[in-house]
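A.B. asks: For reference, the file data.tsv (TSV, C-alpha atoms) is included below:
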```tsv
chain	number	residue	atom	x	y	z
A	19	MET	CA	0.00	0.00	0.00
A	20	ALA	CA	1.07	3.57	-0.64
A	21	ILE	CA	0.95	4.57	3.02
A	22	GLY	CA	2.78	7.87	2.70
A	23	HIS	CA	0.77	8.86	-0.34
A	24	MET	CA	-2.54	8.06	1.34
A	25	LEU	CA	-1.58	10.05	4.43
A	26	TRP	CA	-0.58	12.98	2.20
A	27	VAL	CA	-3.94	12.76	0.37
A	28	HIS	CA	-5.70	12.69	3.76
A	29	ASN	CA	-3.80	15.83	4.79
A	30	CYS	CA	-4.65	17.59	1.50
A	31	LEU	CA	-8.30	16.86	2.12
A	32	THR	CA	-8.50	17.69	5.82
A	33	ALA	CA	-6.17	20.70	5.81
A	34	TYR	CA	-7.10	22.31	2.50
A	35	GLY	CA	-10.45	20.76	1.55
A	36	MET	CA	-9.10	19.52	-1.80
A	37	TYR	CA	-11.77	16.87	-2.40
A	38	GLU	CA	-11.60	16.46	-6.20
A	39	PHE	CA	-7.80	16.52	-6.19
A	40	SER	CA	-7.64	13.95	-3.38
A	41	LYS	CA	-10.29	11.70	-4.94
A	42	ASP	CA	-8.41	11.69	-8.27
A	43	ARG	CA	-5.13	10.78	-6.57
A	44	TYR	CA	-6.73	8.03	-4.52
A	45	GLY	CA	-8.50	6.73	-7.63
A	46	MET	CA	-5.11	6.06	-9.22
A	47	LEU	CA	-4.22	3.86	-6.27
A	48	GLU	CA	-7.51	2.01	-6.60
A	49	LYS	CA	-6.78	1.27	-10.26
A	50	ALA	CA	-3.49	-0.34	-9.28
A	51	SER	CA	-5.23	-2.32	-6.52
A	52	ALA	CA	-7.89	-3.60	-8.92
A	53	SER	CA	-5.29	-5.35	-11.06
A	54	TRP	CA	-3.00	-6.41	-8.20
A	55	SER	CA	-2.75	-10.18	-7.83
A	56	LYS	CA	-2.00	-11.60	-4.38
A	57	SER	CA	-0.77	-14.79	-6.08
A	58	LYS	CA	2.05	-12.89	-7.81
A	59	SER	CA	5.22	-11.52	-6.28
A	60	PHE	CA	5.62	-7.86	-5.47
A	61	GLU	CA	8.05	-7.50	-8.39
A	62	GLU	CA	5.65	-9.15	-10.87
A	63	ASN	CA	2.81	-6.91	-9.72
A	64	MET	CA	4.95	-3.78	-9.93
A	65	LYS	CA	5.89	-4.55	-13.54
A	66	LYS	CA	2.21	-4.70	-14.45
A	67	ASN	CA	0.80	-2.00	-12.16
A	68	PHE	CA	3.59	0.49	-11.59
A	69	ASN	CA	2.64	4.15	-12.06
A	70	PRO	CA	5.85	6.18	-11.66
A	71	GLY	CA	3.95	9.29	-10.57
A	72	ASN	CA	1.78	7.53	-8.05
A	73	PRO	CA	3.16	4.10	-7.15
A	74	GLY	CA	1.36	1.78	-4.77
A	75	ARG	CA	-2.07	0.44	-3.95
A	76	SER	CA	-5.07	1.77	-2.08
A	77	PHE	CA	-6.08	0.83	1.46
A	78	ASP	CA	-6.66	-2.85	2.17
A	79	PRO	CA	-8.14	-3.58	5.61
A	80	ASP	CA	-6.81	-7.15	5.45
A	81	VAL	CA	-3.17	-6.04	5.41
A	82	ASP	CA	-1.41	-5.91	8.77
A	83	LEU	CA	0.42	-2.58	8.90
A	84	THR	CA	2.10	-3.13	12.27
A	85	GLU	CA	5.58	-3.64	10.84
A	86	ALA	CA	5.25	-0.88	8.24
A	87	LEU	CA	4.16	1.66	10.85
A	88	LYS	CA	6.38	0.53	13.74
A	89	ASP	CA	8.53	3.71	13.55
A	90	HIS	CA	5.62	6.08	12.97
A	91	TYR	CA	5.10	8.56	15.82
A	92	ASP	CA	1.45	7.44	16.17
A	93	PRO	CA	0.70	4.17	14.34
A	94	LYS	CA	-2.87	4.01	15.65
A	95	LEU	CA	-3.63	7.48	14.25
A	96	ALA	CA	-1.99	6.61	10.93
A	97	LYS	CA	-4.11	3.44	10.59
A	98	SER	CA	-7.21	5.47	11.43
A	99	LYS	CA	-6.38	8.05	8.77
A	100	LEU	CA	-5.74	5.35	6.16
A	101	ALA	CA	-9.16	3.80	6.82
A	102	GLU	CA	-10.76	7.24	6.81
A	103	VAL	CA	-9.21	8.29	3.50
A	104	HIS	CA	-10.48	5.05	1.94
A	105	GLU	CA	-13.96	5.60	3.37
A	106	TRP	CA	-14.09	9.15	1.97
A	107	LEU	CA	-12.38	8.66	-1.38
A	108	ASN	CA	-13.06	5.14	-2.65
A	109	LYS	CA	-14.79	4.93	-6.01
A	110	ARG	CA	-18.17	4.13	-4.44
A	111	ALA	CA	-18.07	7.04	-1.98
A	112	THR	CA	-20.20	10.02	-2.96
A	113	PHE	CA	-20.98	13.26	-1.21
A	114	THR	CA	-23.44	15.98	-2.08
A	115	ASP	CA	-22.18	19.55	-2.41
A	116	GLU	CA	-23.81	20.29	0.94
A	117	GLN	CA	-22.02	17.39	2.65
A	118	LYS	CA	-18.70	18.50	1.15
A	119	ALA	CA	-19.31	22.05	2.41
A	120	GLU	CA	-20.11	20.76	5.91
A	121	LYS	CA	-16.75	18.97	5.96
A	122	GLY	CA	-14.92	22.02	4.62
A	123	TRP	CA	-14.16	20.42	1.26
A	124	LYS	CA	-14.24	22.97	-1.54
A	125	GLN	CA	-13.82	23.10	-5.30
A	126	ALA	CA	-10.13	23.63	-5.92
A	127	TYR	CA	-8.91	26.38	-8.18
A	128	ASN	CA	-6.95	25.43	-11.25
A	129	LEU	CA	-3.87	27.60	-11.43
A	130	THR	CA	-3.02	26.62	-15.01
A	131	THR	CA	-3.19	29.70	-17.21
A	132	TRP	CA	-5.16	29.60	-20.42
A	133	GLU	CA	-5.39	33.18	-21.58
A	134	GLU	CA	-8.35	32.63	-23.90
A	135	PHE	CA	-10.47	31.55	-20.94
A	136	PRO	CA	-9.29	33.42	-17.82
A	137	GLY	CA	-10.95	32.19	-14.66
A	138	GLU	CA	-12.26	29.00	-16.26
A	139	ILE	CA	-11.51	25.66	-14.66
A	140	ILE	CA	-9.68	24.11	-17.62
A	141	SER	CA	-6.35	22.38	-17.34
A	142	VAL	CA	-4.54	22.65	-20.65
A	143	SER	CA	-2.09	19.91	-19.71
A	144	ASN	CA	-4.90	17.49	-18.83
A	145	VAL	CA	-6.79	18.30	-22.00
A	146	LEU	CA	-3.72	17.86	-24.19
A	147	LEU	CA	-2.25	14.80	-22.52
A	148	GLY	CA	-5.64	13.09	-22.38
A	149	ARG	CA	-6.01	13.16	-26.15
A	150	MET	CA	-5.30	9.89	-27.92
A	151	GLY	CA	-2.12	9.85	-29.91
A	152	LEU	CA	-0.35	12.76	-28.23
A	153	LYS	CA	2.93	11.23	-27.17
A	154	GLU	CA	4.77	14.34	-26.05
A	155	SER	CA	4.00	17.68	-24.49
A	156	GLY	CA	5.74	20.94	-23.86
A	157	PRO	CA	6.82	23.75	-26.11
A	158	ASN	CA	7.02	21.93	-29.43
A	159	LYS	CA	5.20	22.06	-32.75
A	160	LEU	CA	2.97	19.04	-32.09
A	161	ALA	CA	1.80	20.41	-28.73
A	162	ALA	CA	1.15	23.87	-30.24
A	163	GLU	CA	-0.97	22.36	-33.03
A	164	GLU	CA	-2.90	20.22	-30.57
A	165	ALA	CA	-3.50	23.22	-28.27
A	166	LYS	CA	-4.85	25.24	-31.20
A	167	SER	CA	-7.18	22.39	-32.15
A	168	MET	CA	-8.41	21.94	-28.57
A	169	ARG	CA	-9.04	25.66	-28.10
A	170	GLY	CA	-11.34	25.60	-31.12
A	171	ILE	CA	-13.23	22.61	-29.76
A	172	VAL	CA	-13.58	24.17	-26.31
A	173	ARG	CA	-14.72	27.51	-27.78
A	174	ARG	CA	-17.42	25.78	-29.83
A	175	SER	CA	-18.52	23.61	-26.91
A	176	SER	CA	-18.52	26.38	-24.31
A	177	SER	CA	-20.36	28.82	-26.57
A	178	LYS	CA	-23.47	26.64	-26.13
A	179	TYR	CA	-23.42	27.43	-22.40
A	180	MET	CA	-22.67	31.14	-22.80
A	181	GLU	CA	-25.96	31.90	-24.56
```
Could I get this file's structure written as structure tokens?
C.D. replies:
Amino acid sequence: MAIGHMLWVHNCLTAYGMYEFSKDRYGMLEKASASWSKSKSFEENMKKNFNPGNPGRSFDPDVDLTEALKDHYDPKLAKSKLAEVHEWLNKRATFTDEQKAEKGWKQAYNLTTWEEFPGEIISVSNVLLGRMGLKESGPNKLAAEEAKSMRGIVRRSSSKYME
């Protein structure tokens, strides 16, 4: 399990109210857990499931964390937070906007600049990297062409909502 990552996600959620961000990060761990095979070795599983930006699996209540948390300043608290983050962020967990507000969880601001749409919650990097076939990003010709194409699509799509 990605203990440190889950505790960090818990802190992002409880300290800053970053629900969507935290749920997305925890979802990546759940994807790895879904394809993890207990009959295979750790090394075999890592070859198949390794995500270099977010390695590890989500919370598993059947795993004994005593040894892993033996040097933690408060192992009982850590275990509690791991269970809590799973309860709040697993793929089946849902909260209404009112419930999120009661817990202090707010819509995060996207700090990615897209000058054509100032103030909009659009992440250029997510839009570009999510497109099929785009193998590289950054300041290059392919990325510039893809950005131009996506801006046109977003303008046409968002104009429906502006009327």
A.B. asks: Choose the residue, out of A:Trp106, A:Phe60, A:Tyr34, A:Phe77, that has the smallest atom-to-atom separation from Gly122 in chain A; count all atoms listed in the file.
C.D. replies: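 Closest to Gly122 in chain A, using all atoms listed in the file: A:Tyr34.
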A.B. asks: What is the distance, in Å and to one decimal place, between CA of Val81 in chain A and CA of Ser40 in chain A?
C.D. replies: 22.3 Å
A.B. asks: Pick out the residues sitting within 8 Å of Leu107 in chain A, and hand them over as a ChimeraX atom specification; count only C-alpha atoms, and ignore anything fewer than 6 positions along from it in its own chain.
C.D. replies: /A:40-41,44-45
A.B. asks: In Å, how far is it from CA of Tyr37 in chain A to CA of Asp82 in chain A?
C.D. replies: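 Pair CA of Tyr37 in chain A / CA of Asp82 in chain A returns 27.4 Å.
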A.B. asks: I'd like the neighbourhood of range 97-99 of chain A as a list in words, where a residue qualifies if any of its atoms comes within 9 Å (using only C-alpha atoms), though same-chain residues fewer than 5 positions away should be ignored.
C.D. replies: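 Using only C-alpha atoms, the neighbours found are Met24, Leu25, His28, Leu83, Leu87, Asp92 and His104 of chain A.
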A.B. asks: Could those residues be written to a file, using C-alpha atoms, as a PDB file, in the frame of the given file?
C.D. replies:
```pdb
ATOM      1  CA  MET A  24      -2.540   8.060   1.340  1.00  0.00           C
ATOM      2  CA  LEU A  25      -1.580  10.050   4.430  1.00  0.00           C
ATOM      3  CA  HIS A  28      -5.700  12.690   3.760  1.00  0.00           C
ATOM      4  CA  LEU A  83       0.420  -2.580   8.900  1.00  0.00           C
ATOM      5  CA  LEU A  87       4.160   1.660  10.850  1.00  0.00           C
ATOM      6  CA  ASP A  92       1.450   7.440  16.170  1.00  0.00           C
ATOM      7  CA  HIS A 104     -10.480   5.050   1.940  1.00  0.00           C
TER       8      HIS A 104
END
```
A.B. asks: So how many Å separate CA of Met19 in chain A and CA of Glu120 in chain A, to one decimal?
C.D. replies: 29.5 Å
A.B. asks: Between A:Lys118, A:Ser76, A:Phe113, A:Glu163, which is the closest to Leu100 in chain A once you count only C-alpha atoms?
C.D. replies: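 Comparing A:Lys118, A:Ser76, A:Phe113, A:Glu163 against Leu100 in chain A, the winner is A:Ser76.
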